[in-house]
Each structure stands twice: as C-alpha cells, then as structure tokens.
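See below for the structure under consideration.
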Amino acid sequence: MAEACAADQVALLSMTGLHKWFGGVHALNDARMVLARPGVVHGLMGQNGSGKSTLLNILSGQISPDEGVITMRGAHVVFRSPPDALAKGISMVSQETALAEDLTVAENILLGRRLVRGHTGIDWGATRDRARVIMEQVGVDYDPGWVVRTLRPDQKQMVEIARALSTNVSILVLDEPTSSLTDEETKGLFAAIRRLKEQGVCVIYVSHRLPEVFEICDELTVLRDGVTVAEGPKDSFTPHSLVKAMVGAEKLMAPRVARVNEEEEAPVLEVCGLTAPGVLENVNLQLHAGEIVGLAGLVGSGRGELLEAIYGLRPYESGSILLSGAPFKNDEPRDAIKRGVGFVPPDRKTAGVILPMAVRDNLTMPATAEVFRMKDPKSGSVADDAAATSRLLSIKATLAAEVRTLSGGNQQKVVLGKWLIRPPKVLMLDEPTRGVDVAAKAEIHRYLREAASRGIAMLVSSSEYDELYEVCDRILVFFRGRVIAELPRQEATEARLAALAGGAEGAMTQELGAEL
Amino acid sequence: MADLAARVRDHFTRERWINIGLQIGALVLALVLTTVILVAAGAPPLSAYWQIIKGAVGSVTGFSNVLVAWVPLLLAASGVLVTFAAGLWNIGVEGQIVFGAVLTTWVMRLMQDTAMSPALVIIIALIAGMVGGALWAALAGVLKTFGGVNEIFGGLGLNYVAAALTLWLIFGPWKRPGIGSMSGTEPFPDKLALPTIAGLRLSPWSLGLGILAVIIVYILLERTYFGLKLKATGASNRAAFLLGVPTWQYGLVAFLACGALAGLAGAVQVTAVYHRLIPSISSGYGYLGLMIGMLIAYRAAWVAPIALFFAALNIGSIQLPIVLKLDSTLSGVLQGALVLFVVLVEGARQRYLRRAGLKPGGA
C-alpha cells in the first residue's frame with residue numbers, strides 16, 4: 001500500500017476516488033486508474049456499461065467528475081474541456097473516425113492546430129513537412145497530399161492517431177482501435193503503438209478482444225459497475241482471471257420455459273454459407289417457428305450485419321437465404337416485410353421510430369406496407385389493432401401523442417409493437433433494449449417470449465449477455481464475421497460468452513464453462 | 001365521452017396556448033419591422049396599412065381581385081405542402097408554374113383555330129398545364145433521385161431555364177405579328193377564356209379549382225395512409241425505408257403532384273387572367289407559395305386562410321405607389337418579415353424546449 005502511494009505521487013497520471021452520477025445512475029463509483037510511468041501501454045477493460053466511457057470522457061475533458069482527485073506528475077489537474085485536456089497532453093482517438101473525408105491527410109492531421117503560418121496565410125509546404133514528420137512517428141509513409149476518402153480503414157485510423165500526436169501528447173487514448181481493422185491491419189497498428197511506446201508516449205488501450213489485450217498491453221485496469229475491481233501488470237492476469245474480473249460473480253440463468261418443438265420440423269428461416277467479404281464469412285443458421293436464437297459478439301463482429309443482409313439492407317456475395325424453404329432474396333425492406341420478415345434496428349431514434357409522428361402512425365406503418373391505401377389511418381381495423389397493441393404492451397401515452405415525447409422504454413415498446421399488429425413469420429431484433437430502463441427491459445423480454453410462444457421465430461442480436469440468456473433458446477457467437485460457437489442456453493454463461501466474443505480459444509472457454 | 005374529454009384536454013394544453021401567443025408575437029414583430037422600414041423611408045405607417053386594407057377589402061372589385069390572386073397561391077401552396085411533407089424543398093415550384101403556362105399556351109395555339117368546342121380546348125389546355133408542371137417537377141425529382149442533385153439547386157436552376165424559355169418563345173417563335181414585346185404573345189380569342197363573373201376578373205371556375213386542390217391535398221395528407229407514409233419519408237427517411245415505405249418512389253410522386261398543381265396555377269393564369277403568355281406569367285406566386293408553406297409548417301388546414309391573407313396584402317398594396325409614392329413591394333417586405341419571425345420564434349421555442357430538457361432527442 002505504501003508502495004502504491006509512493007508510486008501515485010510521481011505517477012504520470014493518477015485518477016482516484018472518481019464518482020459520477022447521471023441522474024439516478026451511479027456510472028462511476030470509486031473508480032481509479034493509475035499510469036505510473038511514461039512509455040507503457042495500459043489496457044482499460046470492462047463490459048458495456050462498466051463505466052469505461054465515463055472514465056475516458058472525464059480524462060478527455062468532455063465531462064467533469066462529481067468527486068475524485070486527478071493528478072499529473074504529482075500536480076492536481078482539472079480537465080475543463082477537450083482543448084484543455086489536449087493542452088495538458090491528453091489526446092483521444094474515439095471509436096468512430098472523425099476525419100474530414102474530403103481534405104488531405106496533411107490537412108486532417110494539422111486541422112485546427114494553426115501551427116504553420118506563412119506571411120500570407122497557410123504555408124502549405126511547411127504543413128506537409130510537419131505532417132510527414134508526425135506520420136513518420138507512427139511509421140507510415142503515404143503521401144500527406146492524399147485525400148482521406150480514398151484511404152483504407154486502417155490508414156484512416158493511422159491518420160487519426162497522427163492527428164492525435166500533432167500536439168505535444170504524453171497520453172494517447174485509443175478507444176477500440178481495431179474494431180474496423182483486419183488482422184493484418186491490426187499488426188500495423190500494433191507496430192505503431194510499440195513505436196510510440198519507445199518514444200515515451202503512454203497509450204491507454206481500450207478493447208474487448210482478449211488476445212489483443214494480452215499481446216499489446218503492459219498493465220491493465222478492470223472496471224465493473226463503475227468500480228475498479230482489478231489492476232496490475234499484465235502478467236498478474238490470465239485470460240481466465242481477466243474475464244472473471246470483468247464479469248463478476250456469475251449470474252444464474254433465468255429459466256426460460258423451453259417450448260421448442262423437439263420433433264424435427266422444417267426451419268422457417270435458413271441461412272446457408274452467407275458471405276460478404278470482410279463482413280460475413282460463411283454464416284450458417286437455422287431458425288424454427290417459436291424459437292428465439294441469440295446472436296452474440298462484439299460490435300462489427302457480424303451479428304448485426306447478418307440481420308441487415310437478411311432484411312435487404314446489405315448486399316452479399318455468395319450463399320443463400322431460405323424462408324419456409326423458398327429462396328429469399330430482396331433488395332428493399334419492403335420486400336422482406338411482404339414476405340413476413342420484420343426488423344427492429346439498433347438505433348431507435350434515427351431508424352426505429354419516426355420521432356415527430358404519433359404513436360398510432362408509427363404502430364400502423366409496417367402493417368400497411370404491402371398495400372397502397374387511401375384510407376384514413378385514424379380509423380379502421382389496423383387502427384383498432386394499433387390501439388389494442390398499445391394497451392397490450394401498456395404503452396404509457398395516448399395514440400395521438402408524438403413518439404418523441406415518450407420515455408426510451410415506451411418508445412422501444414412502440415418499435416416492438418409495430419411488428420405485433422400483423423405478426424411476421426420471422427422477427428429480427430438488433431439491440432432490442434438499448435437505452436431502456438430495467439423495468440421496461442424486463443417487460444420487453446416478457447413480450448418477446450410471449451410472441452415466440454405464439455409461433456414467431458426470432459433472431460435477437462445483443463451486446464448484453466444477460467439479455468441473450470434471458471430470452472434465447474440457443475446462442476450463436478460471432479467473431480470477425482464468423483459464427484465461432486453455438487451454445488444451448490443451458491451452457492451459455494456470461495463469462496463464456498464474453499470470452500468467445502473476445503476471440504478466446506475454444507480450449508480456454510471450455511475450461512471456463514466447466515469451472516464456472 | 002372519455003375520449004372526447006381527452007381530446008379537448010389534448011387540444012387546449014398550456015403548451016398550445018403558449019404557441020398561439022408566440023405566433024401572435026411573431027405577427028407583431030413583423031409589423032414592427034415593417035413600420036420601422038416605413039418610418040425610415042419617410043412614409044406614414046398607419047396610412048400605408050390603411051391603404052392596404054382599403055385596397056384589399058374596400059370594394060367588390062378589390063376583393064374579387066384578391067380572390068383572383070388567391071387561386072394561384074392556393075394551388076402553389078398546396079402543391080408545395082405535398083413536397084414539404086416528403087421532406088423536399090421544391091424551390092422549383094416557380095418554374096413549374098411557368099412551364100405549365102407554356103404548355104397550356106402551346107396547346108391553345110395549336111387548337112384555337114380548329115373546330116373543337118371552346119370548353120374542350122380549355123379543359124385540354126388545363127390538363128396540358130398540369131402535365132407541363134409535372135414534367136418540369138419530374139426533372140428536378142429525377143435529378144435528385146438518380147443524379148444526387150439537391151432539389152433546391154436543381155429547382156432553382158430549372159426556374160431560370162423556364163423563365164428564359166418563356167422570353168425566347170415570346171420574342172421568338174410565338175412573337176406577335178410584326179414585333180415581339182414584353183406584353184406577351186397574341187391574346188387568345190375571348191371564347192377561349194375561362195368565363196368570369198360579369199364586370200370582374202374573377203372566374204368561379206378557377207376559384208373552384210383552387211379550393212378543390214386544397215381540399216384534395218388536405219385529405220391526402222391528413223386522412224390517408226399515403227399521406228402518412230409521405231410524411232414519414234419526410235420526417236425520417238431511414239426509419240420509413242426500414243418500415244417498408246418505398247421512399248424514393250414516394251419522393252417522385254410528391255414532385256409530380258406538386259408540379260401538376262403548380263402547372264395548373266400556370267394554366268389558370270393563362271386561361272383565366274392574362275389570356276396569353278407574358279414574361280412574368282407567374283409573378284412570383286411560386287416563391288410566395290413556398291413562403292406560405294414555411295409559415296404554416298405542414299398544416300394543410302392553414303393553406304386557405306394564410307394564402308388569402310397573402311393575396312390580400314399583394315392586391316392591397318397595388319395602390320401604394322399612386323397614393324403614397326411607396327413601392328408596392330411593401331407587401332413583400334411584410335410577408336417576408338412575417339415568415340422570418342414565425343420561423344425564428346419556432347426555432348427559439350424548440351431551442352428553449354431542448355434546453356429545459358422537456359423534449360428528448362436534443363443530445
């Protein structure tokens with residue numbers, strides 16, 4: 001303990017006793033992260049909702065903590081804003097690229113920095129030279145005059161990192177930098193990270209992928225429910241102990257009454273060898289009436305992309321989809337709806353509901369997709385069914401209320417309710433309870449099980465493992481576009497799913513499964 | 001009963017009263033701005049307003065002229081509303097009126113010397129106007145859907161093309177015997193004019209067409225699934241597409257419908273008002289229609305009264321140059337200021353609601 005205190009005093013960065021409340025949610029509850037010395041790669045680990053993003057947002061000056069002490073090299077600091085954090089040497093590369101696509105690499109790297117100015121404005125020659133120096137720092141040698149739009153994802157990533165390094169950076173935060181990179185591209189990224197390390201830059205590395213973390217990180221901090229539950233050098237962790245720290249005490253599965261017909265019946269939906277290069281690799285799937293199949297995996301692992309491909313939103317190169325035994329290929333969601341396939345998209349506010357329209361108007365939309373109607377949407381059988389569905393799902397609003405005035409939970413019930421008026425054969429849901437409070441989540445899970453008991457086949461893609469074993473009969477785990485495991489509900493534990501989704505080897509997960 | 005009570009409660013919430021207050025505030029602000037301009041120009045504001053009111057409703061002739069101006073405004077504004085509902089800014093409505101007028105004139109020139117009955121010629125000419133407007137709108141729609149040209153730029157460009165085309169026709173192929181002039185093409189014989197009320201310029205037929213258009217658009221947008229889906233396309237294209245609405249097809253249909261109504265406005269100007277093609281055949285009714293659309297923000301029920309108000313302002317200010325030596329564009333100042341302040345007040349209200357956290361989705 002005394003040793004830790006001594007280390008804290010001279011630590012490059014120390015964040016201790018951090019608390020942050022969002023309304024009633026205690027996002028950080030005595031979290032800490034200490035970067036003892038420069039030139040290390042520090043892994044920040046945690047499940048979704050563990051407080052990682054909150055911690056990073058505090059570090060990059062986007063929000064301020066309600067409590068806690070932050071010091072850099074022994075001195076107290078407060079990060080008032082992102083530029084303030086940047087001035088203090090902290091630079092963050094977030095998950096989604098934030099580059100100006102139509103500008104050149106050099107322009108992007110030095111955008112807003114105003115470092116190079118000639119007598120009459122911008123000294124382009126000096127700008128390119130400066131950009132080239134920074135790019136050499138990360139070990140890339142492409143022309144700073146290239147337009148960013150023409151670059152590959154990994155090249156864009158490098159430009160972002162180069163941009164982050166264009167000021168005097170001592171701590172570089174990389175939030176899930178490999179989520180859109182291939183294995184080969186990841187190797188290039190790691191080479192760049194090692195190079196930065198040698199130059200004394202401290203890298204905070206956030207990732208869900210266990211093999212990567214063990215390859216690149218020197219030390220780790222693990223958050224769970226806003227608390228730092230483990231920290232230390234990488235060697236003090238095993239994949240096993242790391243997953244255990246992230247997941248916590250194993251939660252028991254809620255017993256879902258198995259109602260799947262045991263006797264062999266033809267699948268409603270069958271996916272054979274579906275391949276979309278770089279996105280889906282030879283995906284096979286069978287779904288029976290009344291069955292709920294869960295799709296687990298990281299963001300970008302292919303689980304959401306599979307649903308998009310089935311719904312006609314994403315082209316694929318080879319493979320086939322069969323609906324009730326007949327080939328099912330459509331170009332537009334409209335065709336999918338006509339044939340009896342529904343889809344709940346993950347982004348509720350932009351794709352799931354039409355915010356400025358009434359609850360009733362939202363509910364009746366897909367039920368009337370197949371016909372050109374000149375009837376009044378405020379009356380008639382579909383409108384009556386919408387009213388009944390609203391009551392059934394206990395949506396707490398009038399039918400005429402605009403959806404944007406509803407709470408997240410009620411909005412999500414509207415999203416779900418749309419598909420219950422004229423139920424499809426197959427309902428696909430991507431993140432069915434994202435941003436929904438606990439009570440509404442439980443209700444939605446109940447409705448899903450009820451709908452399945454009435455014979456609707458369902459695919460549920462979710463990043464929340466408890467949700468998957470709450471509602472699913474079996475779970476497919478995706479990793480980099482492939483289905484790498486299929487688990488019956490009885491064998492799915494949170495630890496095992498997390499390990500598989502992170503790309504851990506089969507042997508390790510079996511060991512986990514046996515032990516937990 | 002409970003339903004009725006709930007509806008009454010829904011209708012008269014506190015928020016609604018605040019909204020009505022804000023709209024009146026916007027009207028007051030527009031009047032204040034116009035008054036400031038009048039004072040700066042050295043004109044007596046009160047007598048200017050009095051002249052406008054007198055010019056618009058002071059006599060039967062005056063008011064009938066207001067109704068004459070009302071018709072193209074009704075047609076243009078209700079057309080604009082259809083495209084607004086689909087989330088499209090059909091700036092090209094002005095050009096669509098003009099091209100409708102061009103096609104109407106063409107058809108009438110072809111048929112005026114045939115033995116066809118005048119009524120049939122007029123009907124065909126009106127339909128030709130609708131087709132012309134729809135064609136011109138389809139150009140903007142196709143440019144948008146398949147060429148990725150924003151409908152604002154496409155429409156604006158086509159407006160200039162339509163205006164130039166009119167001038168070329170008037171001074172070129174369709175010029176009056178002898179020499180072409182700004183007064184337009186050779187007038188059509190009286191039998192090819194929509195019948196007007198004796199002594200007035202107002203045709204009950206064109207008035208009927210304008211009112212019919214507003215009613216049809218109102219029913220379409222407020223009382224059908226078609227209108228619902230059109231509005232869904234406008235409110236959230238992505239969500240509507242995922243819910244099975246054929247979004248780009250609906251967008252094109254909206255363009256065609258708006259173009260047909262605008263083209264009808266052009267046809268009415270030719271057959272009932274000017275009886276020939278003139279360079280300023282639309283007189284800016286398309287742009288005024290857009291302003292009305294912005295002012296009433298999608299609510300089809302408001303087209304008729306606001307269009308009537310705008311028509312009254314236009315006609316009322318015609319006397320201003322003679323009586324007060326003021327330019328008649330004063331009505332335009334007042335209309336522009338009104339739209340500006342209503343949009344401004346609405347923007348401020350939305351901003352306040354977001355700040356106060358009363359409305360989710362601000363983040």
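Please note that chains go A, B, ... in the order of the structure tokens, that every chain numbers its residues from 1, and that ligands are numbered from 1 in the order shown.
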
Taking only C-alpha atoms into account, report as number ranges by chain which residues of chain A lie within 8 Å of chain B. A: 332-335, 337, 343, 349-357, 361, 365-366, 368-370, 372-378, 404-405

All residues 9 Å or closer to Gln23 (chain B), only C-alpha atoms, same chain fewer than 6 positions away omitted, as a list in words
Phe341, Val342, Val345 and Glu346 of chain B

What would the file look like if the residues just selected were written as a short mmCIF file (atom, residue, chain, number, x, y, z; two decimals), in the first residue's frame with C-alpha atoms?
data_model
loop_
_atom_site.label_atom_id
_atom_site.label_comp_id
_atom_site.auth_asym_id
_atom_site.auth_seq_id
_atom_site.Cartn_x
_atom_site.Cartn_y
_atom_site.Cartn_z
CA PHE B 341 -40.27 35.93 -37.46
CA VAL B 342 -42.57 32.92 -37.36
CA VAL B 345 -39.94 32.20 -32.95
CA GLU B 346 -40.43 28.49 -33.68
#

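Here CA of Glu450 (chain A) and CA of Trp419 (chain A) stand 13.2 Å from one another.
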
ask   = Could you pull out all residues of region 310-348 of chain A with a DSSP call of helix (DSSP H, G or I) and give them as a PyMOL selection string?
value = chain A and resi 310-311+333-339+348

Could you give me, as a PDB file with C-alpha atoms, in the first residue's frame, the residues within 9 Å of Lys329 (chain A), counting only C-alpha atoms and dropping anything in the same chain fewer than 3 positions from it?
ATOM      1  CA  ILE A 310     -31.433 -10.828 -44.409  1.00  0.00           C
ATOM      2  CA  TYR A 311     -33.520  -7.637 -44.392  1.00  0.00           C
ATOM      3  CA  GLY A 312     -32.133  -6.491 -47.722  1.00  0.00           C
ATOM      4  CA  SER A 320     -28.417 -18.211 -49.806  1.00  0.00           C
ATOM      5  CA  ILE A 321     -31.310 -17.412 -47.524  1.00  0.00           C
ATOM      6  CA  LEU A 322     -34.420 -19.617 -47.464  1.00  0.00           C
ATOM      7  CA  ASP A 335     -39.978  -6.947 -49.958  1.00  0.00           C
ATOM      8  CA  ALA A 336     -38.859  -8.511 -46.682  1.00  0.00           C
TER       9      ALA A 336
END

Judged by only C-alpha atoms, the minimum distance to Leu192 (chain B) among B:Leu143, B:Ala134, B:Ile127, B:Leu120 is found for B:Leu120

Considering only strand (DSSP E) as DSSP defines it on the backbone, what residues of region 3-145 of chain A qualify? List them as JSON, numbers by chain.
{"A": [13, 14, 15, 16, 17, 18, 19, 20, 21, 22, 25, 26, 27, 28, 29, 30, 31, 32, 33, 34, 35, 41, 42, 43, 44, 45, 67, 68, 69, 70, 71, 72, 75, 76, 90, 91, 92, 93]}

Once you have the residues from the selection above, write them out as a CSV table (one decimal), in the first residue's frame, restricted to N, CA and C atoms.
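The file below, selection-v5.csv, is the result:
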chain,number,residue,atom,x,y,z
A,13,LEU,N,0.0,9.9,-14.5
A,13,LEU,CA,-1.4,10.2,-14.4
A,13,LEU,C,-2.0,9.4,-13.3
A,14,SER,N,-2.7,10.0,-12.4
A,14,SER,CA,-3.4,9.2,-11.4
A,14,SER,C,-4.9,9.8,-11.2
A,15,MET,N,-5.8,8.9,-11.4
A,15,MET,CA,-7.2,9.3,-11.2
A,15,MET,C,-7.7,8.4,-10.1
A,16,THR,N,-8.1,9.0,-9.0
A,16,THR,CA,-8.6,8.1,-7.9
A,16,THR,C,-9.9,8.7,-7.3
A,17,GLY,N,-10.6,7.7,-6.7
A,17,GLY,CA,-11.8,8.1,-6.0
A,17,GLY,C,-12.9,8.8,-6.9
A,18,LEU,N,-12.9,8.4,-8.1
A,18,LEU,CA,-13.8,9.0,-9.1
A,18,LEU,C,-15.3,8.6,-8.9
A,19,HIS,N,-16.2,9.6,-8.8
A,19,HIS,CA,-17.6,9.3,-8.8
A,19,HIS,C,-18.3,10.1,-9.8
A,20,LYS,N,-19.3,9.6,-10.5
A,20,LYS,CA,-20.1,10.3,-11.4
A,20,LYS,C,-21.5,9.8,-11.4
A,21,TRP,N,-22.4,10.7,-11.2
A,21,TRP,CA,-23.8,10.3,-11.3
A,21,TRP,C,-24.4,10.8,-12.6
A,22,PHE,N,-25.3,10.1,-13.3
A,22,PHE,CA,-26.1,10.6,-14.3
A,22,PHE,C,-27.5,10.4,-13.9
A,25,VAL,N,-28.3,7.2,-12.0
A,25,VAL,CA,-27.4,6.2,-12.3
A,25,VAL,C,-26.0,6.5,-11.8
A,26,HIS,N,-25.4,5.6,-11.0
A,26,HIS,CA,-24.1,5.8,-10.5
A,26,HIS,C,-23.1,5.2,-11.4
A,27,ALA,N,-22.7,6.0,-12.4
A,27,ALA,CA,-21.8,5.5,-13.5
A,27,ALA,C,-20.4,5.1,-13.0
A,28,LEU,N,-19.9,6.0,-12.2
A,28,LEU,CA,-18.6,5.7,-11.6
A,28,LEU,C,-18.7,5.7,-10.1
A,29,ASN,N,-18.2,4.7,-9.5
A,29,ASN,CA,-18.4,4.5,-8.0
A,29,ASN,C,-17.0,4.2,-7.5
A,30,ASP,N,-16.3,5.2,-7.1
A,30,ASP,CA,-14.9,5.0,-6.6
A,30,ASP,C,-14.0,4.2,-7.6
A,31,ALA,N,-14.0,4.8,-8.8
A,31,ALA,CA,-13.1,4.2,-9.9
A,31,ALA,C,-11.7,4.8,-9.8
A,32,ARG,N,-10.7,4.0,-10.1
A,32,ARG,CA,-9.4,4.6,-10.2
A,32,ARG,C,-8.6,4.0,-11.3
A,33,MET,N,-7.7,4.8,-11.8
A,33,MET,CA,-6.8,4.3,-12.9
A,33,MET,C,-5.5,5.1,-12.7
A,34,VAL,N,-4.4,4.3,-12.6
A,34,VAL,CA,-3.1,5.0,-12.4
A,34,VAL,C,-2.1,4.6,-13.5
A,35,LEU,N,-1.5,5.5,-14.2
A,35,LEU,CA,-0.5,5.3,-15.1
A,35,LEU,C,0.8,5.7,-14.5
A,41,VAL,N,1.9,0.7,-22.3
A,41,VAL,CA,0.5,0.5,-22.9
A,41,VAL,C,-0.4,0.0,-21.8
A,42,HIS,N,-1.4,0.8,-21.5
A,42,HIS,CA,-2.2,0.5,-20.3
A,42,HIS,C,-3.6,0.1,-20.8
A,43,GLY,N,-4.0,-1.2,-20.6
A,43,GLY,CA,-5.3,-1.6,-21.1
A,43,GLY,C,-6.4,-1.2,-20.1
A,44,LEU,N,-7.5,-0.7,-20.6
A,44,LEU,CA,-8.7,-0.4,-19.8
A,44,LEU,C,-9.8,-1.4,-20.2
A,45,MET,N,-10.2,-2.2,-19.3
A,45,MET,CA,-11.1,-3.3,-19.6
A,45,MET,C,-12.4,-3.1,-18.9
A,67,GLU,N,-16.9,13.7,-8.0
A,67,GLU,CA,-15.9,13.6,-6.9
A,67,GLU,C,-14.7,12.9,-7.5
A,68,GLY,N,-13.6,13.1,-6.8
A,68,GLY,CA,-12.4,12.4,-7.2
A,68,GLY,C,-11.2,13.4,-7.4
A,69,VAL,N,-10.0,12.7,-7.4
A,69,VAL,CA,-8.8,13.5,-7.5
A,69,VAL,C,-8.0,13.1,-8.7
A,70,ILE,N,-7.6,14.0,-9.5
A,70,ILE,CA,-6.8,13.7,-10.7
A,70,ILE,C,-5.5,14.4,-10.6
A,71,THR,N,-4.4,13.7,-10.7
A,71,THR,CA,-3.1,14.4,-10.7
A,71,THR,C,-2.3,14.0,-11.9
A,72,MET,N,-1.4,14.9,-12.4
A,72,MET,CA,-0.5,14.5,-13.4
A,72,MET,C,0.9,14.9,-12.9
A,75,ALA,N,1.0,16.8,-9.7
A,75,ALA,CA,0.2,18.1,-9.5
A,75,ALA,C,-1.2,17.8,-9.8
A,76,HIS,N,-2.1,18.5,-9.0
A,76,HIS,CA,-3.5,18.4,-9.3
A,76,HIS,C,-3.9,19.0,-10.6
A,90,ILE,N,-3.2,15.2,-23.3
A,90,ILE,CA,-4.0,14.0,-23.4
A,90,ILE,C,-4.8,14.1,-24.7
A,91,SER,N,-4.7,13.1,-25.5
A,91,SER,CA,-5.3,13.1,-26.8
A,91,SER,C,-6.1,11.8,-27.0
A,92,MET,N,-7.3,11.9,-27.5
A,92,MET,CA,-8.1,10.7,-27.6
A,92,MET,C,-8.5,10.4,-29.1
A,93,VAL,N,-8.4,9.2,-29.4
A,93,VAL,CA,-8.9,8.7,-30.7
A,93,VAL,C,-10.1,7.9,-30.5

List as JSON, numbers by chain the protein and nucleic acid residues near region 207-218 of chain B, meaning an atom at most 10 Å away when only C-alpha atoms are counted, but skip any in the same chain fewer than 5 places from it. {"B": [67, 68, 69, 70, 71, 72, 73, 74, 75, 76, 77, 78, 79, 81, 82, 202, 223, 224, 227, 257, 258, 261, 264, 265, 268, 299, 300, 301, 302, 303, 304]}

note - CA of Leu33 (chain B) and CA of Met294 (chain B) are separated by 19.3 Å

TODO: Would you list the contacts of Ile216 (chain A) as JSON, numbers by chain, taking every protein, DNA or RNA residue within 12 Å and counting only C-alpha atoms, but skipping same-chain residues closer than 2 positions in sequence?
DONE: {"A": [40, 41, 42, 43, 186, 187, 189, 190, 191, 192, 193, 194, 195, 197, 203, 204, 205, 206, 207, 209, 210, 211, 212, 213, 214, 218, 219, 220, 234]}

Near-Ala163 (chain B) list (8 Å; only C-alpha atoms; drop same-chain fewer than 2 positions) as a ChimeraX atom specification: /B:95,98,159-161,165-167,279

Leu308 (chain B) proximity check over B:Trp89, B:Gly286, B:Ser280, B:Phe63, using only C-alpha atoms: winner is B:Phe63

Hey, what's within 10 Å of Ile152 (chain B) if we count only C-alpha atoms and toss same-chain stuff fewer than 5 positions away? As a ChimeraX atom specification, please?
-> /B:88-92,140,144,157-158

With C-alpha atoms retained, write the just-selected residues as a PDB file, in the first residue's frame.
ATOM      1  CA  LEU B  88     -38.345  18.010 -50.127  1.00  0.00           C
ATOM      2  CA  TRP B  89     -37.693  21.709 -50.687  1.00  0.00           C
ATOM      3  CA  ASN B  90     -39.292  22.164 -54.049  1.00  0.00           C
ATOM      4  CA  ILE B  91     -37.894  25.614 -54.829  1.00  0.00           C
ATOM      5  CA  GLY B  92     -38.611  24.767 -58.453  1.00  0.00           C
ATOM      6  CA  ALA B 140     -35.963  18.176 -60.540  1.00  0.00           C
ATOM      7  CA  LYS B 144     -32.430  14.495 -57.144  1.00  0.00           C
ATOM      8  CA  GLY B 157     -31.666  26.220 -61.981  1.00  0.00           C
ATOM      9  CA  LEU B 158     -34.815  24.998 -63.721  1.00  0.00           C
TER      10      LEU B 158
END
